[in-house]
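Undergrad: Sharing query_5.cif here; it has mmCIF, C-alpha atoms; chains and numbers go by the auth columns.
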```
data_protein
loop_
_atom_site.group_PDB
_atom_site.id
_atom_site.type_symbol
_atom_site.label_atom_id
_atom_site.label_comp_id
_atom_site.label_asym_id
_atom_site.label_seq_id
_atom_site.Cartn_x
_atom_site.Cartn_y
_atom_site.Cartn_z
_atom_site.B_iso_or_equiv
_atom_site.auth_seq_id
_atom_site.auth_asym_id
ATOM 1 C CA MET A 1 3.254 -32.744 20.591 0.00 1 E
ATOM 2 C CA ALA A 2 2.047 -30.672 23.532 0.00 2 E
ATOM 3 C CA ARG A 3 -1.496 -29.463 23.292 0.00 3 E
ATOM 4 C CA TRP A 4 -1.476 -26.191 25.200 0.00 4 E
ATOM 5 C CA GLN A 5 2.022 -24.776 24.992 0.00 5 E
ATOM 6 C CA PRO A 6 2.166 -21.043 25.679 0.00 6 E
ATOM 7 C CA GLY A 7 2.890 -18.703 22.784 0.00 7 E
ATOM 8 C CA ALA A 8 1.275 -20.886 20.124 0.00 8 E
ATOM 9 C CA PRO A 9 0.033 -17.975 17.946 0.00 9 E
ATOM 10 C CA GLN A 10 3.484 -16.385 17.849 0.00 10 E
ATOM 11 C CA ARG A 11 5.168 -19.718 17.100 0.00 11 E
ATOM 12 C CA LEU A 12 2.672 -20.349 14.303 0.00 12 E
ATOM 13 C CA VAL A 13 3.427 -16.964 12.729 0.00 13 E
ATOM 14 C CA VAL A 14 7.189 -17.549 12.892 0.00 14 E
ATOM 15 C CA ALA A 15 6.832 -21.068 11.501 0.00 15 E
ATOM 16 C CA ALA A 16 4.662 -19.820 8.637 0.00 16 E
ATOM 17 C CA VAL A 17 7.042 -17.002 7.733 0.00 17 E
ATOM 18 C CA ASP A 18 9.972 -19.440 7.772 0.00 18 E
ATOM 19 C CA LEU A 19 8.148 -21.923 5.550 0.00 19 E
ATOM 20 C CA PHE A 20 6.828 -19.250 3.181 0.00 20 E
ATOM 21 C CA THR A 21 10.404 -17.993 2.799 0.00 21 E
ATOM 22 C CA GLU A 22 11.884 -21.476 2.337 0.00 22 E
ATOM 23 C CA GLN A 23 9.372 -23.025 -0.032 0.00 23 E
ATOM 24 C CA GLY A 24 6.847 -20.370 -1.012 0.00 24 E
ATOM 25 C CA TYR A 25 3.336 -19.583 0.162 0.00 25 E
ATOM 26 C CA ASP A 26 1.508 -21.902 -2.251 0.00 26 E
ATOM 27 C CA ALA A 27 3.696 -24.919 -1.418 0.00 27 E
ATOM 28 C CA THR A 28 3.221 -24.496 2.343 0.00 28 E
ATOM 29 C CA THR A 29 0.420 -26.388 4.064 0.00 29 E
ATOM 30 C CA VAL A 30 -1.317 -25.765 7.372 0.00 30 E
ATOM 31 C CA THR A 31 -0.073 -29.177 8.532 0.00 31 E
ATOM 32 C CA GLN A 32 3.547 -28.171 7.855 0.00 32 E
ATOM 33 C CA ILE A 33 3.079 -24.891 9.712 0.00 33 E
ATOM 34 C CA ALA A 34 1.538 -26.636 12.725 0.00 34 E
ATOM 35 C CA GLU A 35 4.303 -29.260 12.788 0.00 35 E
ATOM 36 C CA ARG A 36 7.038 -26.623 12.565 0.00 36 E
ATOM 37 C CA ALA A 37 5.409 -24.661 15.416 0.00 37 E
ATOM 38 C CA GLY A 38 5.094 -27.801 17.556 0.00 38 E
ATOM 39 C CA VAL A 39 1.293 -27.741 17.762 0.00 39 E
ATOM 40 C CA THR A 40 -1.552 -29.774 16.354 0.00 40 E
ATOM 41 C CA LYS A 41 -3.506 -28.822 13.272 0.00 41 E
ATOM 42 C CA SER A 42 -6.570 -28.236 15.449 0.00 42 E
ATOM 43 C CA THR A 43 -4.545 -25.783 17.538 0.00 43 E
ATOM 44 C CA PHE A 44 -3.694 -23.921 14.327 0.00 44 E
ATOM 45 C CA PHE A 45 -7.411 -23.558 13.538 0.00 45 E
ATOM 46 C CA ARG A 46 -8.139 -22.416 17.088 0.00 46 E
ATOM 47 C CA TYR A 47 -6.148 -19.251 16.324 0.00 47 E
ATOM 48 C CA PHE A 48 -6.344 -18.811 12.535 0.00 48 E
ATOM 49 C CA SER A 49 -9.007 -19.564 9.954 0.00 49 E
ATOM 50 C CA ASP A 50 -6.442 -20.196 7.197 0.00 50 E
ATOM 51 C CA LYS A 51 -2.771 -19.666 6.404 0.00 51 E
ATOM 52 C CA ARG A 52 -3.368 -16.189 4.929 0.00 52 E
ATOM 53 C CA GLU A 53 -4.446 -14.947 8.327 0.00 53 E
ATOM 54 C CA LEU A 54 -1.027 -15.669 9.837 0.00 54 E
ATOM 55 C CA LEU A 55 0.557 -12.649 8.199 0.00 55 E
ATOM 56 C CA VAL A 56 -2.087 -10.278 9.491 0.00 56 E
ATOM 57 C CA ALA A 57 -2.118 -11.656 13.020 0.00 57 E
ATOM 58 C CA GLY A 58 -2.610 -8.856 15.464 0.00 58 E
ATOM 59 C CA GLN A 59 -4.439 -6.557 13.037 0.00 59 E
ATOM 60 C CA GLU A 60 -7.347 -6.068 15.439 0.00 60 E
ATOM 61 C CA THR A 61 -4.977 -5.215 18.265 0.00 61 E
ATOM 62 C CA LEU A 62 -3.026 -2.825 16.052 0.00 62 E
ATOM 63 C CA SER A 63 -6.242 -1.132 14.882 0.00 63 E
ATOM 64 C CA ARG A 64 -7.394 -0.745 18.490 0.00 64 E
ATOM 65 C CA LEU A 65 -4.051 0.700 19.610 0.00 65 E
ATOM 66 C CA LEU A 66 -4.051 3.217 16.745 0.00 66 E
ATOM 67 C CA ALA A 67 -7.648 4.241 17.504 0.00 67 E
ATOM 68 C CA ASP A 68 -7.015 4.455 21.263 0.00 68 E
ATOM 69 C CA GLY A 69 -3.991 6.678 20.738 0.00 69 E
ATOM 70 C CA ILE A 70 -6.006 8.978 18.491 0.00 70 E
ATOM 71 C CA ALA A 71 -8.906 9.092 20.958 0.00 71 E
ATOM 72 C CA GLU A 72 -6.596 9.958 23.860 0.00 72 E
ATOM 73 C CA ALA A 73 -4.698 12.710 22.025 0.00 73 E
ATOM 74 C CA PRO A 74 -5.146 16.181 23.545 0.00 74 E
ATOM 75 C CA ALA A 75 -8.419 17.845 22.580 0.00 75 E
ATOM 76 C CA ASP A 76 -6.601 20.645 20.734 0.00 76 E
ATOM 77 C CA ALA A 77 -4.434 18.229 18.674 0.00 77 E
ATOM 78 C CA SER A 78 -4.648 18.605 14.912 0.00 78 E
ATOM 79 C CA PRO A 79 -5.756 15.531 12.950 0.00 79 E
ATOM 80 C CA LEU A 80 -2.138 14.633 12.133 0.00 80 E
ATOM 81 C CA GLN A 81 -1.053 15.208 15.729 0.00 81 E
ATOM 82 C CA ALA A 82 -3.798 12.794 16.782 0.00 82 E
ATOM 83 C CA VAL A 83 -2.578 10.285 14.179 0.00 83 E
ATOM 84 C CA ALA A 84 0.945 10.720 15.572 0.00 84 E
ATOM 85 C CA ALA A 85 -0.399 9.851 19.028 0.00 85 E
ATOM 86 C CA GLY A 86 -1.975 6.719 17.536 0.00 86 E
ATOM 87 C CA LEU A 87 1.286 5.783 15.848 0.00 87 E
ATOM 88 C CA GLU A 88 3.177 6.214 19.121 0.00 88 E
ATOM 89 C CA ARG A 89 0.668 4.029 20.976 0.00 89 E
ATOM 90 C CA ALA A 90 0.787 1.259 18.356 0.00 90 E
ATOM 91 C CA SER A 91 4.575 1.455 18.027 0.00 91 E
ATOM 92 C CA GLY A 92 4.965 0.765 21.726 0.00 92 E
ATOM 93 C CA ALA A 93 3.478 -2.692 21.193 0.00 93 E
ATOM 94 C CA MET A 94 6.070 -3.627 18.573 0.00 94 E
ATOM 95 C CA GLY A 95 9.081 -5.438 19.934 0.00 95 E
ATOM 96 C CA PRO A 96 12.197 -7.179 18.644 0.00 96 E
ATOM 97 C CA ALA A 97 10.230 -10.148 17.290 0.00 97 E
ATOM 98 C CA ASN A 98 8.152 -7.815 15.087 0.00 98 E
ATOM 99 C CA ARG A 99 11.310 -6.117 13.891 0.00 99 E
ATOM 100 C CA GLU A 100 13.032 -9.355 12.993 0.00 100 E
ATOM 101 C CA LEU A 101 10.032 -10.702 11.089 0.00 101 E
ATOM 102 C CA GLY A 102 9.518 -7.516 9.055 0.00 102 E
ATOM 103 C CA PRO A 103 11.850 -8.196 6.115 0.00 103 E
ATOM 104 C CA ARG A 104 10.813 -11.853 5.957 0.00 104 E
ATOM 105 C CA ILE A 105 7.117 -10.976 5.914 0.00 105 E
ATOM 106 C CA LYS A 106 7.767 -8.363 3.235 0.00 106 E
ATOM 107 C CA ALA A 107 9.496 -10.988 1.078 0.00 107 E
ATOM 108 C CA ALA A 108 6.682 -13.516 1.581 0.00 108 E
ATOM 109 C CA VAL A 109 4.041 -10.935 0.670 0.00 109 E
ATOM 110 C CA ALA A 110 5.989 -9.786 -2.400 0.00 110 E
ATOM 111 C CA ALA A 111 6.130 -13.383 -3.656 0.00 111 E
ATOM 112 C CA SER A 112 2.387 -14.097 -3.403 0.00 112 E
ATOM 113 C CA THR A 113 -0.530 -12.340 -5.070 0.00 113 E
ATOM 114 C CA GLU A 114 -2.886 -13.806 -2.490 0.00 114 E
ATOM 115 C CA LEU A 115 -0.835 -12.355 0.370 0.00 115 E
ATOM 116 C CA GLN A 116 -0.583 -9.001 -1.408 0.00 116 E
ATOM 117 C CA GLU A 117 -4.374 -8.872 -1.557 0.00 117 E
ATOM 118 C CA ARG A 118 -4.640 -9.736 2.154 0.00 118 E
ATOM 119 C CA ASP A 119 -2.021 -7.118 3.012 0.00 119 E
ATOM 120 C CA THR A 120 -4.053 -4.523 1.120 0.00 120 E
ATOM 121 C CA LEU A 121 -7.155 -5.458 3.119 0.00 121 E
ATOM 122 C CA LYS A 122 -5.128 -5.048 6.312 0.00 122 E
ATOM 123 C CA SER A 123 -4.179 -1.517 5.236 0.00 123 E
ATOM 124 C CA VAL A 124 -7.818 -0.715 4.519 0.00 124 E
ATOM 125 C CA GLY A 125 -8.783 -1.960 7.982 0.00 125 E
ATOM 126 C CA LEU A 126 -6.106 0.115 9.716 0.00 126 E
ATOM 127 C CA ALA A 127 -7.132 3.234 7.783 0.00 127 E
ATOM 128 C CA ALA A 128 -10.780 2.631 8.666 0.00 128 E
ATOM 129 C CA ALA A 129 -9.932 2.345 12.374 0.00 129 E
ATOM 130 C CA MET A 130 -7.979 5.608 12.328 0.00 130 E
ATOM 131 C CA THR A 131 -10.623 7.370 10.263 0.00 131 E
ATOM 132 C CA ALA A 132 -13.375 6.290 12.667 0.00 132 E
ATOM 133 C CA ALA A 133 -11.343 7.529 15.652 0.00 133 E
ATOM 134 C CA LEU A 134 -10.766 10.874 13.946 0.00 134 E
ATOM 135 C CA LEU A 135 -14.450 11.214 13.034 0.00 135 E
ATOM 136 C CA ALA A 136 -15.317 10.545 16.678 0.00 136 E
ATOM 137 C CA ARG A 137 -13.081 13.512 17.576 0.00 137 E
ATOM 138 C CA GLY A 138 -15.162 15.705 15.270 0.00 138 E
ATOM 139 C CA VAL A 139 -12.675 15.842 12.379 0.00 139 E
ATOM 140 C CA PRO A 140 -14.527 16.498 9.095 0.00 140 E
ATOM 141 C CA ASP A 141 -14.990 13.432 6.880 0.00 141 E
ATOM 142 C CA PRO A 142 -12.538 14.180 4.022 0.00 142 E
ATOM 143 C CA THR A 143 -9.852 15.302 6.471 0.00 143 E
ATOM 144 C CA ALA A 144 -10.355 12.232 8.672 0.00 144 E
ATOM 145 C CA HIS A 145 -10.053 9.899 5.675 0.00 145 E
ATOM 146 C CA LEU A 146 -6.923 11.617 4.396 0.00 146 E
ATOM 147 C CA ALA A 147 -5.289 11.638 7.835 0.00 147 E
ATOM 148 C CA GLY A 148 -6.167 7.959 8.323 0.00 148 E
ATOM 149 C CA GLU A 149 -4.609 7.019 4.992 0.00 149 E
ATOM 150 C CA LEU A 150 -1.499 9.069 5.790 0.00 150 E
ATOM 151 C CA GLY A 151 -1.314 7.250 9.118 0.00 151 E
ATOM 152 C CA VAL A 152 -1.277 3.876 7.363 0.00 152 E
ATOM 153 C CA LEU A 153 1.403 5.031 4.936 0.00 153 E
ATOM 154 C CA ALA A 154 3.485 6.406 7.785 0.00 154 E
ATOM 155 C CA PHE A 155 3.141 3.207 9.791 0.00 155 E
ATOM 156 C CA LYS A 156 4.121 1.023 6.823 0.00 156 E
ATOM 157 C CA ARG A 157 7.056 3.229 5.807 0.00 157 E
ATOM 158 C CA GLY A 158 8.256 3.561 9.381 0.00 158 E
ATOM 159 C CA TYR A 159 7.954 -0.164 9.998 0.00 159 E
ATOM 160 C CA ALA A 160 9.907 -0.968 6.826 0.00 160 E
ATOM 161 C CA GLN A 161 12.690 1.446 7.755 0.00 161 E
ATOM 162 C CA TRP A 162 12.792 0.218 11.354 0.00 162 E
ATOM 163 C CA SER A 163 12.869 -3.469 10.445 0.00 163 E
ATOM 164 C CA GLU A 164 15.650 -2.902 7.906 0.00 164 E
ATOM 165 C CA SER A 165 17.777 -0.615 10.109 0.00 165 E
ATOM 166 C CA ALA A 166 20.813 -1.617 12.175 0.00 166 E
ATOM 167 C CA ARG A 167 19.884 -4.162 14.819 0.00 167 E
ATOM 168 C CA ASP A 168 21.832 -2.358 17.548 0.00 168 E
ATOM 169 C CA ASP A 169 19.454 0.590 17.187 0.00 169 E
ATOM 170 C CA ALA A 170 17.363 0.433 20.354 0.00 170 E
ATOM 171 C CA GLU A 171 15.042 3.360 19.574 0.00 171 E
ATOM 172 C CA GLY A 172 12.003 1.306 18.709 0.00 172 E
ATOM 173 C CA LEU A 173 9.479 1.854 15.950 0.00 173 E
ATOM 174 C CA ALA A 174 7.964 5.172 17.087 0.00 174 E
ATOM 175 C CA PRO A 175 10.699 7.530 15.812 0.00 175 E
ATOM 176 C CA TYR A 176 10.592 5.865 12.402 0.00 176 E
ATOM 177 C CA ALA A 177 6.807 6.045 12.120 0.00 177 E
ATOM 178 C CA LEU A 178 6.713 9.665 13.313 0.00 178 E
ATOM 179 C CA ALA A 179 9.484 10.686 10.896 0.00 179 E
ATOM 180 C CA ALA A 180 7.593 8.995 8.064 0.00 180 E
ATOM 181 C CA LEU A 181 4.425 10.887 9.052 0.00 181 E
ATOM 182 C CA GLU A 182 6.336 14.175 9.033 0.00 182 E
ATOM 183 C CA ASP A 183 7.791 13.362 5.590 0.00 183 E
ATOM 184 C CA LEU A 184 4.293 12.640 4.278 0.00 184 E
ATOM 185 C CA ARG A 185 2.913 15.843 5.832 0.00 185 E
ATOM 186 C CA ALA A 186 5.648 17.818 4.068 0.00 186 E
ATOM 187 C CA ALA A 187 4.952 15.990 0.822 0.00 187 E
ATOM 188 C CA THR A 188 1.238 16.882 0.973 0.00 188 E
ATOM 189 C CA ALA A 189 2.144 20.535 1.498 0.00 189 E
ATOM 190 C CA SER A 190 4.158 20.457 -1.716 0.00 190 E
ATOM 191 C CA LEU A 191 1.202 19.226 -3.757 0.00 191 E
ATOM 192 C CA GLY A 192 -0.043 22.752 -4.158 0.00 192 E
#
```
Render the structure in this file as structure tokens.

TA:
Amino acid sequence: MARWQPGAPQRLVVAAVDLFTEQGYDATTVTQIAERAGVTKSTFFRYFSDKRELLVAGQETLSRLLADGIAEAPADASPLQAVAAGLERASGAMGPANRELGPRIKAAVAASTELQERDTLKSVGLAAAMTAALLARGVPDPTAHLAGELGVLAFKRGYAQWSESARDDAEGLAPYALAALEDLRAATASLG
């Protein structure tokens, strides 16, 4: 087993998703994940504190991309236009590997209460990052929180639609996330 093969974190995520799908989250061990990824157990722990963390790999990067996009939106952008800029920035970092893993991750999360809880914490973290970026732009607190939450919903809905769409669709995630944000904006207007 090679010690320092490139791409170890990505291989670990793919191995974990495969094993979670094949035998379930609870039945999968860190040792099995490391073996499937072709790394040592110590390499696993260099990147992840436990097997739950595999399915939220990249959360910090995603939060930063969302916040950066919001911060760099034009000064006259509305809160939702700023969120759209964040969604576009974050979507640009999602490639074919993310798309392929989407349905498998969704199935693994649906089958495990522990992973559902971790997924919820990920959503909270993403919303907090967007809310903080909006507050830094001077958006009032309740509006920033609402826009941040809508951003998370739009990202999740867009990602689900993108990952389940035809594989020959080369558009990328951004159009799906932006369409989901527009649908949510329209839905909030109908609340009265």

Undergrad: Mind checking which residues fall within 7 Å of range 28-40 of chain E, counting only C-alpha atoms, ignoring those fewer than 2 positions away in the same chain, and posting them as a VMD selection string?

TA: chain E and resid 1 to 3 11 to 12 15 to 16 19 to 20 23 to 26 42 to 44 51

Undergrad: Smallest atom-to-atom distance to Thr188 in chain E: which of E:Leu80, E:Leu173, E:Val17, E:Ala93, using all atoms listed in the file?

TA: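 Going through E:Leu80, E:Leu173, E:Val17, E:Ala93 one by one, the smallest distance to Thr188 in chain E is for E:Leu80.
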
Undergrad: Once the PyMOL selection byres ((chain E and resi 164) around 12) is applied to the coordinates I shared, what remains selected? I want it as a ChimeraX atom specification.

TA: /E:98-106,157-163,165-169,173,176

Undergrad: Restricting the output to C-alpha atoms, write the selected residues as a compact mmCIF listing (two decimals), in the coordinates of the input.

TA:
```txt
# COMPACT_ATOMS: atom_id res chain seq x y z
CA ASN E 98 8.15 -7.82 15.09
CA ARG E 99 11.31 -6.12 13.89
CA GLU E 100 13.03 -9.36 12.99
CA LEU E 101 10.03 -10.70 11.09
CA GLY E 102 9.52 -7.52 9.06
CA PRO E 103 11.85 -8.20 6.12
CA ARG E 104 10.81 -11.85 5.96
CA ILE E 105 7.12 -10.98 5.91
CA LYS E 106 7.77 -8.36 3.24
CA ARG E 157 7.06 3.23 5.81
CA GLY E 158 8.26 3.56 9.38
CA TYR E 159 7.95 -0.16 10.00
CA ALA E 160 9.91 -0.97 6.83
CA GLN E 161 12.69 1.45 7.76
CA TRP E 162 12.79 0.22 11.35
CA SER E 163 12.87 -3.47 10.44
CA SER E 165 17.78 -0.62 10.11
CA ALA E 166 20.81 -1.62 12.18
CA ARG E 167 19.88 -4.16 14.82
CA ASP E 168 21.83 -2.36 17.55
CA ASP E 169 19.45 0.59 17.19
CA LEU E 173 9.48 1.85 15.95
CA TYR E 176 10.59 5.86 12.40
```

Undergrad: Nearest to Leu178 in chain E: which of E:Gly125, E:Pro79, E:Pro142, E:Gly151 is it, counting all atoms listed in the file?

TA: E:Gly151

Undergrad: Take the PyMOL selection byres ((chain E and resi 128) around 10), apply it to the structure above, and return the hits as an mmCIF file with C-alpha atoms, keeping the file's coordinate frame.

TA:
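Resulting contents of selection_0.cif:
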```cif
data_model
loop_
_atom_site.group_PDB
_atom_site.id
_atom_site.type_symbol
_atom_site.label_atom_id
_atom_site.label_comp_id
_atom_site.auth_asym_id
_atom_site.auth_seq_id
_atom_site.Cartn_x
_atom_site.Cartn_y
_atom_site.Cartn_z
ATOM 1 C CA SER E 63 -6.242 -1.132 14.882
ATOM 2 C CA ALA E 67 -7.648 4.241 17.504
ATOM 3 C CA LYS E 122 -5.128 -5.048 6.312
ATOM 4 C CA SER E 123 -4.179 -1.517 5.236
ATOM 5 C CA VAL E 124 -7.818 -0.715 4.519
ATOM 6 C CA GLY E 125 -8.783 -1.960 7.982
ATOM 7 C CA LEU E 126 -6.106 0.115 9.716
ATOM 8 C CA ALA E 127 -7.132 3.234 7.783
ATOM 9 C CA ALA E 129 -9.932 2.345 12.374
ATOM 10 C CA MET E 130 -7.979 5.608 12.328
ATOM 11 C CA THR E 131 -10.623 7.370 10.263
ATOM 12 C CA ALA E 132 -13.375 6.290 12.667
ATOM 13 C CA ALA E 133 -11.343 7.529 15.652
ATOM 14 C CA LEU E 134 -10.766 10.874 13.946
ATOM 15 C CA ALA E 144 -10.355 12.232 8.672
ATOM 16 C CA HIS E 145 -10.053 9.899 5.675
ATOM 17 C CA GLY E 148 -6.167 7.959 8.323
ATOM 18 C CA GLU E 149 -4.609 7.019 4.992
ATOM 19 C CA VAL E 152 -1.277 3.876 7.363
#
```

Undergrad: Here is a test: counting only C-alpha atoms, which residue of E:Glu60, E:Asp18, E:Asp183, E:Asp141 is nearest to Phe155 in chain E?

TA: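 Of E:Glu60, E:Asp18, E:Asp183, E:Asp141, the one nearest Phe155 in chain E is E:Asp183, counting only C-alpha atoms.
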
Undergrad: Residues picked by the PyMOL selection byres ((chain E and resi 54) around 10) here, as a list of chain:residue names?

TA: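 Output of the PyMOL selection byres ((chain E and resi 54) around 10): E:Pro9, E:Gln10, E:Leu12, E:Val13, E:Val14, E:Ala15, E:Ala16, E:Val17, E:Phe44, E:Tyr47, E:Phe48, E:Ser49, E:Asp50, E:Lys51, E:Arg52, E:Glu53, E:Leu55, E:Val56, E:Ala57, E:Gly58.
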
Undergrad: Please, what distance in Å, to one decimal, runs between CA of Glu117 in chain E and CA of Gln59 in chain E?

TA: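 So the answer is 14.8 Å.
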
Undergrad: Within 8 Å of Gly86 in chain E, counting all atoms listed in the file, which residues show up once you throw out same-chain ones fewer than 5 positions away? Write them as a PyMOL selection string, please.

TA: chain E and resi 65-70+73

Undergrad: Between CA of Arg46 in chain E and CA of Lys156 in chain E, what is the distance, to one decimal in Å?

TA: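 About the pair CA of Arg46 in chain E and CA of Lys156 in chain E: they are 28.4 Å apart.
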
Undergrad: Pick the closest to Lys41 in chain E from E:Leu121, E:Leu62, E:Ala8, E:Ala186: which is it, counting all atoms listed in the file?

TA: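 Looking only at the distances to Lys41 in chain E, the closest residue turns out to be E:Ala8.
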